Amino acid sequence: MRYLAVVLAGCGFSTSVSTRDAAELDATIADAAPDAWTVDACPQSYIAIGAGRYRPIMTLGSFWPNEATCVADSMAGWTHAAVFEMLAEAADVRAYLVALAPTARTYGVGAVQAPTAMLVGEGWVNFHDATLDPALWGIYAAVQQPDDGAVGTTASPEDHQQNLAFLDLDATGAQPYLRDGNGNGGYAHICECDGRPLGMTAQSYILGDVNRPPQ
Ligand SMILES: [Ca+2]
Ligand SMILES: [Ca+2]
């Protein structure tokens with residue numbers, strides 16, 4: 001990576017990019033972590049869960065300041081909300097948190113829905129700009145997620161009440177991991193350090209979320 005710094009100051013997101021050209025930047029973001037990078041380079045506050053490195057934020061708050069805290073952990077852009085690229089990764093993190101028996105039950109993770117989506121299950125990407133694995137969605141309050149609130153079915157029209165994803169320890173079902181939520185208060189967060197920056201598409205979706213408070 002030539003140089004990429006993503007800075008989220010307070011609740012505001014701003015991006016500073018210095019690179020040879022946009023095409024190179026796009027290629028960099030699509031890549032996995034740099035070859036020389038290892039988890040040993042992560043901040044020491046990040047703990048090993050499975051093969052990854054994570055840091056829970058147990059203090060309840062809104063999604064956006066929690067995410068800014070994650071991103072601020074690494075000046076190199078290696079940290080952001082956890083991106084579950086395999087079901088086993090979600091299972092490992094969930095098991096770790098369940099064992100703590102925490103008061104906090106709902107953890108912001110690295111997935112966001114396109115502000116232009118027309119269906120509740122449409123347009124979800126993870127924070128590395130890949131299509132979110134729909135198998136990660138659990139059942140919450142007896143309703144299959146995502147439900148964009150209380151509309152009750154993934155086929156319902158989308159009206160953008162809930163465009164962020166959360167690992168909810170009270171989710172059920174065969175894959176009891178994610179539910180959608182609005183991000184406005186009452187959420188813990190799970191940060192990940194994986195040597196890769198927050199994707200540009202994900203960042204644009206976060207900025208375009210109608211539930212994000214005015215800056
Ligand atoms: Ca939604
Ligand atoms: Ca929901």
# chains A, B, ... in the order shown; residues from 1 in each chain; ligands from 1

$ residues_around --residues "A:Ala111" --least-positions-apart "4" --cutoff "10 Å" --atoms "only C-alpha atoms" --output "list in words"
Ala81, Ala82, Val83, Phe84, Trp124, Val125, Asn126, Phe127, His128, Asp129, Ala130, Thr131, Leu132, Asn163, Leu164, Ala165, Phe166, Leu178, Asp180, Ala202, Tyr205 and Ile206 of chain A

$ write_last_selection --atoms "N, CA and C atoms" --output "PDB file, in the first residue's frame"
ATOM      1  N   ALA A  81     -14.752  -1.890  12.460  1.00  0.00           N
ATOM      2  CA  ALA A  81     -15.649  -2.913  13.001  1.00  0.00           C
ATOM      3  C   ALA A  81     -15.356  -4.264  12.352  1.00  0.00           C
ATOM      4  N   ALA A  82     -15.578  -5.326  13.109  1.00  0.00           N
ATOM      5  CA  ALA A  82     -15.209  -6.674  12.664  1.00  0.00           C
ATOM      6  C   ALA A  82     -15.921  -7.060  11.373  1.00  0.00           C
ATOM      7  N   VAL A  83     -15.143  -7.611  10.443  1.00  0.00           N
ATOM      8  CA  VAL A  83     -15.664  -8.091   9.159  1.00  0.00           C
ATOM      9  C   VAL A  83     -15.671  -9.618   9.214  1.00  0.00           C
ATOM     10  N   PHE A  84     -16.869 -10.203   9.293  1.00  0.00           N
ATOM     11  CA  PHE A  84     -16.970 -11.655   9.361  1.00  0.00           C
ATOM     12  C   PHE A  84     -16.994 -12.218   7.941  1.00  0.00           C
ATOM     13  N   TRP A 124     -26.318  -5.254   0.942  1.00  0.00           N
ATOM     14  CA  TRP A 124     -25.465  -5.305   2.124  1.00  0.00           C
ATOM     15  C   TRP A 124     -24.027  -5.640   1.728  1.00  0.00           C
ATOM     16  N   VAL A 125     -23.080  -4.832   2.179  1.00  0.00           N
ATOM     17  CA  VAL A 125     -21.661  -5.118   1.960  1.00  0.00           C
ATOM     18  C   VAL A 125     -20.947  -5.127   3.299  1.00  0.00           C
ATOM     19  N   ASN A 126     -19.850  -5.879   3.360  1.00  0.00           N
ATOM     20  CA  ASN A 126     -19.033  -5.801   4.561  1.00  0.00           C
ATOM     21  C   ASN A 126     -18.048  -4.631   4.424  1.00  0.00           C
ATOM     22  N   PHE A 127     -17.284  -4.375   5.465  1.00  0.00           N
ATOM     23  CA  PHE A 127     -16.414  -3.196   5.465  1.00  0.00           C
ATOM     24  C   PHE A 127     -15.173  -3.379   4.595  1.00  0.00           C
ATOM     25  N   HIS A 128     -15.069  -4.508   3.898  1.00  0.00           N
ATOM     26  CA  HIS A 128     -14.078  -4.645   2.832  1.00  0.00           C
ATOM     27  C   HIS A 128     -14.756  -4.650   1.462  1.00  0.00           C
ATOM     28  N   ASP A 129     -15.967  -4.126   1.423  1.00  0.00           N
ATOM     29  CA  ASP A 129     -16.703  -3.901   0.170  1.00  0.00           C
ATOM     30  C   ASP A 129     -17.114  -5.179  -0.546  1.00  0.00           C
ATOM     31  N   ALA A 130     -17.112  -6.313   0.155  1.00  0.00           N
ATOM     32  CA  ALA A 130     -17.606  -7.562  -0.433  1.00  0.00           C
ATOM     33  C   ALA A 130     -19.067  -7.750  -0.036  1.00  0.00           C
ATOM     34  N   THR A 131     -19.822  -8.447  -0.876  1.00  0.00           N
ATOM     35  CA  THR A 131     -21.210  -8.759  -0.549  1.00  0.00           C
ATOM     36  C   THR A 131     -21.264  -9.517   0.775  1.00  0.00           C
ATOM     37  N   LEU A 132     -22.126  -9.059   1.676  1.00  0.00           N
ATOM     38  CA  LEU A 132     -22.245  -9.723   2.973  1.00  0.00           C
ATOM     39  C   LEU A 132     -22.850 -11.110   2.777  1.00  0.00           C
ATOM     40  N   ASN A 163     -30.084   0.135   8.746  1.00  0.00           N
ATOM     41  CA  ASN A 163     -29.130  -0.091   7.654  1.00  0.00           C
ATOM     42  C   ASN A 163     -27.743  -0.492   8.142  1.00  0.00           C
ATOM     43  N   LEU A 164     -27.620  -0.815   9.431  1.00  0.00           N
ATOM     44  CA  LEU A 164     -26.347  -1.280   9.982  1.00  0.00           C
ATOM     45  C   LEU A 164     -26.547  -2.671  10.574  1.00  0.00           C
ATOM     46  N   ALA A 165     -25.438  -3.412  10.714  1.00  0.00           N
ATOM     47  CA  ALA A 165     -25.522  -4.793  11.189  1.00  0.00           C
ATOM     48  C   ALA A 165     -24.865  -4.932  12.556  1.00  0.00           C
ATOM     49  N   PHE A 166     -25.451  -5.810  13.363  1.00  0.00           N
ATOM     50  CA  PHE A 166     -24.992  -6.004  14.735  1.00  0.00           C
ATOM     51  C   PHE A 166     -24.938  -7.494  15.057  1.00  0.00           C
ATOM     52  N   LEU A 178     -26.129 -12.153  13.105  1.00  0.00           N
ATOM     53  CA  LEU A 178     -26.396 -10.741  12.839  1.00  0.00           C
ATOM     54  C   LEU A 178     -27.887 -10.398  12.820  1.00  0.00           C
ATOM     55  N   ASP A 180     -30.126  -6.513  11.834  1.00  0.00           N
ATOM     56  CA  ASP A 180     -29.962  -5.118  11.449  1.00  0.00           C
ATOM     57  C   ASP A 180     -30.508  -4.213  12.541  1.00  0.00           C
ATOM     58  N   ALA A 202     -18.178   0.879   1.428  1.00  0.00           N
ATOM     59  CA  ALA A 202     -18.782   0.810   2.761  1.00  0.00           C
ATOM     60  C   ALA A 202     -18.794   2.191   3.409  1.00  0.00           C
ATOM     61  N   TYR A 205     -21.553   4.243   2.003  1.00  0.00           N
ATOM     62  CA  TYR A 205     -22.862   3.819   2.508  1.00  0.00           C
ATOM     63  C   TYR A 205     -23.076   4.321   3.939  1.00  0.00           C
ATOM     64  N   ILE A 206     -22.020   4.266   4.764  1.00  0.00           N
ATOM     65  CA  ILE A 206     -22.127   4.759   6.139  1.00  0.00           C
ATOM     66  C   ILE A 206     -22.490   6.244   6.116  1.00  0.00           C
TER      67      ILE A 206
END

$ closest_atom_pairs --of "chain A" --to "ligand 1" --cutoff "7 Å" --atoms "only C-alpha atoms and all ligand atoms" --output "tab-separated table"
residue	atom	partner	partner_atom_place_in_ligand_line	distance
A:Gln113	CA	ligand 1	1 (Ca)	6.4
A:Val120	CA	ligand 1	1 (Ca)	5.0
A:Asp148	CA	ligand 1	1 (Ca)	4.3
A:Glu158	CA	ligand 1	1 (Ca)	5.8
A:Asp159	CA	ligand 1	1 (Ca)	6.5
A:His160	CA	ligand 1	1 (Ca)	4.3
A:Gln161	CA	ligand 1	1 (Ca)	5.7
A:Gln162	CA	ligand 1	1 (Ca)	4.2
A:Asn163	CA	ligand 1	1 (Ca)	4.1

$ residues_near_ligand --ligand "ligand 2" --cutoff "6 Å" --atoms "only C-alpha atoms and all ligand atoms" --output "list in words"
Gln145, Pro146, Asp147, Asp148, Gly149, Arg179, Asp180 and Gly181 of chain A

$ residues_around --residues "A:Glu192" --least-positions-apart "5" --cutoff "12 Å" --atoms "only C-alpha atoms" --output "number ranges by chain"
A: 39, 42-43, 45-49, 51-57, 67, 69-74, 77-85, 89-90, 93, 108-110, 127-128, 197-198

$ select_by_dssp --residues "stretch 68-123 of chain A" --states "strand (DSSP E)" --output "PyMOL selection string"
chain A and resi 79-81+106-113

$ closest_residue --among "A:Gly195, A:Gly50, A:Pro213, A:Gly183" --to "A:Asn66" --atoms "only C-alpha atoms"
A:Gly183
